[in-house]
file my_file_6.tsv (TSV, C-alpha atoms)
chain	number	residue	atom	x	y	z
K	168	MET	CA	-14.63	47.73	29.93
K	169	ASN	CA	-16.26	44.38	29.05
K	170	LEU	CA	-16.16	45.39	25.40
K	171	LEU	CA	-12.37	45.76	25.58
K	172	ARG	CA	-12.01	42.37	27.25
K	173	GLY	CA	-14.09	40.81	24.47
K	174	ALA	CA	-11.89	42.37	21.81
K	175	SER	CA	-8.74	41.16	23.59
K	176	SER	CA	-10.14	37.65	23.88
K	177	GLU	CA	-11.04	37.65	20.21
K	178	ARG	CA	-7.53	38.82	19.24
K	179	LEU	CA	-6.02	36.15	21.45
K	180	MET	CA	-8.20	33.51	19.84
K	181	HIS	CA	-7.20	34.64	16.31
K	182	ARG	CA	-3.52	34.64	17.26
K	183	SER	CA	-3.87	31.18	18.78
K	184	LEU	CA	-5.54	29.87	15.63
K	185	ALA	CA	-2.86	31.45	13.45
K	186	ALA	CA	-0.13	29.89	15.60
K	187	LEU	CA	-1.85	26.51	15.45
K	188	ALA	CA	-2.12	26.72	11.66
K	189	ALA	CA	1.57	27.64	11.40
K	190	LEU	CA	2.49	24.74	13.67
K	191	ALA	CA	0.44	22.34	11.54
K	192	PHE	CA	2.19	23.60	8.41
K	193	VAL	CA	5.63	23.15	9.95
K	194	ALA	CA	4.74	19.66	11.20
K	195	ALA	CA	3.48	18.67	7.76
K	196	SER	CA	6.72	19.96	6.25
K	197	PHE	CA	8.81	17.79	8.56
K	198	LEU	CA	6.61	14.74	8.23
K	199	GLY	CA	6.55	15.11	4.48
K	200	PRO	CA	4.02	13.66	2.10
K	201	THR	CA	3.89	10.36	3.98
K	202	ALA	CA	1.65	11.65	6.74
K	203	ALA	CA	-0.54	13.81	4.57
K	204	LEU	CA	-0.81	11.65	1.47
K	205	ALA	CA	-0.72	8.03	2.70
K	206	LEU	CA	-2.82	5.87	0.39
K	207	ARG	CA	-6.07	4.87	2.06
K	208	SER	CA	-9.13	2.79	1.37
K	209	GLY	CA	-11.48	4.44	-1.12
K	210	GLN	CA	-8.73	6.10	-3.17
K	211	PRO	CA	-7.82	5.15	-6.75
K	212	ALA	CA	-4.86	2.76	-6.85
K	213	PRO	CA	-1.70	4.31	-8.30
K	214	GLU	CA	-0.23	2.72	-11.40
K	215	ILE	CA	2.59	0.20	-11.11
K	216	GLY	CA	4.14	0.38	-14.59
K	217	LEU	CA	7.14	-1.92	-14.00
K	218	THR	CA	8.28	-5.07	-15.78
K	219	ASP	CA	8.04	-8.40	-13.98
K	220	ARG	CA	10.61	-11.22	-13.97
K	221	ALA	CA	9.06	-12.72	-17.11
K	222	GLY	CA	9.51	-9.46	-19.02
K	223	GLN	CA	5.81	-8.53	-18.93
K	224	ARG	CA	4.80	-5.00	-18.06
K	225	VAL	CA	2.50	-4.86	-15.02
K	226	ASP	CA	-0.07	-2.08	-15.44
K	227	LEU	CA	-3.14	-1.80	-13.24
K	228	GLN	CA	-5.06	-0.29	-16.14
K	229	SER	CA	-4.77	-3.60	-18.00
K	230	LEU	CA	-5.94	-5.45	-14.88
K	231	ARG	CA	-9.24	-3.54	-14.60
K	232	GLY	CA	-12.05	-5.99	-14.09
K	233	LYS	CA	-9.88	-8.11	-11.80
K	234	VAL	CA	-9.36	-7.98	-8.05
K	235	VAL	CA	-5.71	-7.09	-7.44
K	236	LEU	CA	-3.59	-7.49	-4.32
K	237	VAL	CA	-0.44	-5.36	-4.50
K	238	ASP	CA	2.08	-6.49	-1.89
K	239	PHE	CA	5.28	-4.62	-1.00
K	240	TRP	CA	7.97	-6.90	0.41
K	241	ALA	CA	11.72	-7.32	0.89
K	242	SER	CA	13.92	-10.41	1.15
K	243	TRP	CA	15.30	-9.30	4.54
K	244	CYS	CA	11.81	-8.94	6.06
K	245	ALA	CA	10.81	-11.89	8.30
K	246	PRO	CA	7.04	-11.14	8.21
K	247	CYS	CA	7.28	-10.90	4.40
K	248	ARG	CA	8.83	-14.37	4.24
K	249	GLU	CA	5.91	-15.62	6.33
K	250	GLU	CA	3.30	-13.80	4.24
K	251	LEU	CA	4.44	-14.68	0.70
K	252	PRO	CA	3.48	-18.40	0.85
K	253	VAL	CA	0.02	-17.32	2.07
K	254	LEU	CA	-0.34	-14.93	-0.88
K	255	GLU	CA	0.84	-17.69	-3.23
K	256	ARG	CA	-1.90	-19.94	-1.85
K	257	PHE	CA	-4.51	-17.18	-2.34
K	258	TYR	CA	-3.31	-16.63	-5.90
K	259	ARG	CA	-3.47	-20.32	-6.80
K	260	THR	CA	-6.90	-20.68	-5.18
K	261	TYR	CA	-8.59	-17.58	-6.62
K	262	ARG	CA	-6.82	-16.63	-9.86
K	263	GLU	CA	-9.43	-18.44	-11.98
K	264	ARG	CA	-12.08	-16.29	-10.28
K	265	GLY	CA	-10.26	-13.05	-11.10
K	266	LEU	CA	-7.59	-12.48	-8.41
K	267	VAL	CA	-4.20	-11.14	-9.44
K	268	VAL	CA	-1.43	-10.82	-6.86
K	269	VAL	CA	1.44	-8.47	-7.73
K	270	GLY	CA	4.55	-8.59	-5.56
K	271	VAL	CA	6.58	-5.38	-5.45
K	272	ASN	CA	10.06	-6.12	-4.14
K	273	VAL	CA	11.90	-3.13	-2.68
K	274	ASP	CA	15.36	-4.67	-2.16
K	275	GLN	CA	18.11	-2.33	-3.34
K	276	ASP	CA	20.00	-5.19	-4.99
K	277	VAL	CA	17.98	-7.28	-7.45
K	278	SER	CA	20.21	-10.28	-6.73
K	279	ASN	CA	18.76	-10.45	-3.19
K	280	MET	CA	15.28	-10.75	-4.68
K	281	THR	CA	16.46	-13.31	-7.25
K	282	ARG	CA	18.14	-15.52	-4.63
K	283	PHE	CA	15.07	-15.32	-2.42
K	284	LEU	CA	12.75	-16.33	-5.28
K	285	GLU	CA	14.99	-19.27	-6.16
K	286	ARG	CA	14.42	-20.61	-2.63
K	287	GLN	CA	10.77	-19.50	-2.43
K	288	PRO	CA	9.26	-19.69	-5.94
K	289	LEU	CA	6.17	-17.57	-6.58
K	290	THR	CA	3.88	-17.96	-9.58
K	291	PHE	CA	2.32	-14.49	-9.38
K	292	PRO	CA	3.98	-11.48	-11.04
K	293	VAL	CA	6.83	-9.90	-9.07
K	294	VAL	CA	8.39	-6.56	-10.02
K	295	HIS	CA	11.56	-5.00	-8.63
K	296	ASP	CA	11.26	-1.42	-7.35
K	297	ALA	CA	14.77	-0.53	-6.13
K	298	GLN	CA	14.24	3.15	-6.97
K	299	HIS	CA	10.95	3.14	-5.00
K	300	ALA	CA	9.05	4.67	-7.91
K	301	VAL	CA	5.98	2.56	-7.10
K	302	ALA	CA	6.54	2.51	-3.34
K	303	GLY	CA	6.59	6.31	-3.41
K	304	ARG	CA	3.05	6.32	-4.81
K	305	TYR	CA	1.68	3.73	-2.37
K	306	ASP	CA	3.63	4.73	0.76
K	307	PRO	CA	4.16	1.34	2.42
K	308	THR	CA	5.17	2.42	5.92
K	309	THR	CA	5.96	-1.12	7.09
K	310	MET	CA	7.03	-4.35	5.44
K	311	PRO	CA	5.02	-6.06	4.22
K	312	SER	CA	2.24	-3.71	3.17
K	313	SER	CA	-0.63	-4.93	1.01
K	314	TYR	CA	-3.29	-3.03	-0.91
K	315	LEU	CA	-6.45	-4.84	-1.96
K	316	ILE	CA	-7.89	-3.21	-5.10
K	317	ASP	CA	-11.37	-3.79	-6.50
K	318	ARG	CA	-12.31	-4.43	-10.13
K	319	ALA	CA	-12.72	-0.67	-10.75
K	320	GLY	CA	-9.17	0.12	-9.58
K	321	VAL	CA	-10.10	1.50	-6.14
K	322	VAL	CA	-8.18	0.56	-2.99
K	323	ARG	CA	-10.61	-1.28	-0.70
K	324	SER	CA	-8.28	-2.16	2.16
K	325	VAL	CA	-4.72	-1.56	3.31
K	326	HIS	CA	-2.84	-4.11	5.43
K	327	ARG	CA	0.37	-3.09	7.18
K	328	GLY	CA	2.57	-5.87	8.52
K	329	PHE	CA	1.58	-9.52	8.67
K	330	ARG	CA	0.65	-12.04	11.32
K	331	ALA	CA	-0.57	-15.54	10.50
K	332	ALA	CA	-3.81	-14.72	12.32
K	333	ASP	CA	-4.47	-11.98	9.72
K	334	ALA	CA	-4.64	-14.42	6.80
K	335	ALA	CA	-8.26	-15.51	7.31
K	336	GLY	CA	-9.50	-11.91	7.38
K	337	LEU	CA	-7.59	-11.00	4.23
K	338	GLU	CA	-8.92	-14.09	2.48
K	339	ALA	CA	-12.48	-13.15	3.46
K	340	GLU	CA	-11.94	-9.65	1.99
K	341	ILE	CA	-10.64	-11.17	-1.24
K	342	ARG	CA	-13.61	-13.54	-1.51
K	343	ALA	CA	-16.06	-10.69	-0.85
K	344	LEU	CA	-14.56	-8.59	-3.66
K	345	LEU	CA	-14.52	-11.55	-6.04
K	346	GLU	CA	-18.17	-12.27	-5.29
K	347	ALA	CA	-19.20	-8.61	-5.62
K	348	ASN	CA	-19.21	-8.85	-9.42
call {"tool": "encode", "arguments": {"input": "my_file_6.tsv", "output": "structure tokens"}}
result
Amino acid sequence: MNLLRGASSERLMHRSLAALAALAFVAASFLGPTAALALRSGQPAPEIGLTDRAGQRVDLQSLRGKVVLVDFWASWCAPCREELPVLERFYRTYRERGLVVVGVNVDQDVSNMTRFLERQPLTFPVVHDAQHAVAGRYDPTTMPSSYLIDRAGVVRSVHRGFRAADAAGLEAEIRALLEAN
């Protein structure tokens, strides 16, 4: 009799595991690639491959050997408007030591980006990604989202959102990567 109970328990456990696996598959299907494939620290940085406002192609491959901060932003995003002057300051302070900041604007209408940049000039490269070709590879789940990339092209940290109190920590991460090589 105990042998039959053991077999029933084992069958129940297998059915439960199968149901759990099916549930996980269905959940992943509904959540899409965002949940399963979100870019994380330690992963190779996806290519950008867009042209900036000056007509220069921005390719991470050509930036190897530099520390790169890729920042996704939009003109309608209040935290982005607060963050961009901070990133401009970082760029001006550390570009001679090897920092490149790349702004990836995700506004649907390029004129929104252009008007914003007329009021808030930035000296670092800014590309327009209305089709979300680049955003689709990075998966910025909030605005702004920043990806700090080391000299070998590996993502070292991901920052979602922005608060002024976060600036010192991000600057320390940038300095550490610049001093690493």
call {"tool": "residues_around", "arguments": {"input": "my_file_6.tsv", "residues": "K:Gly270", "least_positions_apart": "6", "cutoff": "9 Å", "atoms": "only C-alpha atoms", "output": "list in words"}}
result
Leu236, Val237, Asp238, Phe239, Trp240, Leu251, Phe291, Pro292, Val293, Val294 and His295 of chain K
call {"tool": "write_last_selection", "arguments": {"input": "my_file_6.tsv", "atoms": "C-alpha atoms", "output": "PDB file, in the frame of the given file"}}
result
ATOM      1  CA  LEU K 236      -3.590  -7.490  -4.320  1.00  0.00           C
ATOM      2  CA  VAL K 237      -0.440  -5.360  -4.500  1.00  0.00           C
ATOM      3  CA  ASP K 238       2.080  -6.490  -1.890  1.00  0.00           C
ATOM      4  CA  PHE K 239       5.280  -4.620  -1.000  1.00  0.00           C
ATOM      5  CA  TRP K 240       7.970  -6.900   0.410  1.00  0.00           C
ATOM      6  CA  LEU K 251       4.440 -14.680   0.700  1.00  0.00           C
ATOM      7  CA  PHE K 291       2.320 -14.490  -9.380  1.00  0.00           C
ATOM      8  CA  PRO K 292       3.980 -11.480 -11.040  1.00  0.00           C
ATOM      9  CA  VAL K 293       6.830  -9.900  -9.070  1.00  0.00           C
ATOM     10  CA  VAL K 294       8.390  -6.560 -10.020  1.00  0.00           C
ATOM     11  CA  HIS K 295      11.560  -5.000  -8.630  1.00  0.00           C
TER      12      HIS K 295
END
call {"tool": "closest_residue", "arguments": {"input": "my_file_6.tsv", "among": "K:Ser242, K:Leu337, K:Arg327, K:Val321", "to": "K:Glu285", "atoms": "only C-alpha atoms"}}
result
K:Ser242
call {"tool": "residues_near_point", "arguments": {"input": "my_file_6.tsv", "point": "(19.3, -6.4, -5.2)", "cutoff": "12 Å", "atoms": "only C-alpha atoms", "output": "JSON, numbers by chain"}}
result
{"K": [241, 242, 243, 272, 273, 274, 275, 276, 277, 278, 279, 280, 281, 282, 283, 284, 294, 295, 296, 297, 298]}
call {"tool": "atom_distance", "arguments": {"input": "my_file_6.tsv", "atom1": "atom CA of K:Val234", "atom2": "atom CA of K:Arg304"}}
result
19.2 Å
call {"tool": "residues_near_point", "arguments": {"input": "my_file_6.tsv", "point": "(-7.6, -2.5, -15.6)", "cutoff": "10 Å", "atoms": "all atoms listed in the file", "output": "short mmCIF file (atom, residue, chain, number, x, y, z; two decimals) with C-alpha atoms, in the frame of the given file"}}
result
data_model
loop_
_atom_site.label_atom_id
_atom_site.label_comp_id
_atom_site.auth_asym_id
_atom_site.auth_seq_id
_atom_site.Cartn_x
_atom_site.Cartn_y
_atom_site.Cartn_z
CA GLU K 214 -0.23 2.72 -11.40
CA ASP K 226 -0.07 -2.08 -15.44
CA LEU K 227 -3.14 -1.80 -13.24
CA GLN K 228 -5.06 -0.29 -16.14
CA SER K 229 -4.77 -3.60 -18.00
CA LEU K 230 -5.94 -5.45 -14.88
CA ARG K 231 -9.24 -3.54 -14.60
CA GLY K 232 -12.05 -5.99 -14.09
CA LYS K 233 -9.88 -8.11 -11.80
CA VAL K 234 -9.36 -7.98 -8.05
CA VAL K 235 -5.71 -7.09 -7.44
CA ASP K 317 -11.37 -3.79 -6.50
CA ARG K 318 -12.31 -4.43 -10.13
CA ALA K 319 -12.72 -0.67 -10.75
CA GLY K 320 -9.17 0.12 -9.58
#
call {"tool": "atom_distance", "arguments": {"input": "my_file_6.tsv", "atom1": "atom CA of K:Cys244", "atom2": "atom CA of K:Met310"}}
result
6.7 Å
call {"tool": "atom_distance", "arguments": {"input": "my_file_6.tsv", "atom1": "atom CA of K:Phe257", "atom2": "atom CA of K:Ser312"}}
result
16.0 Å
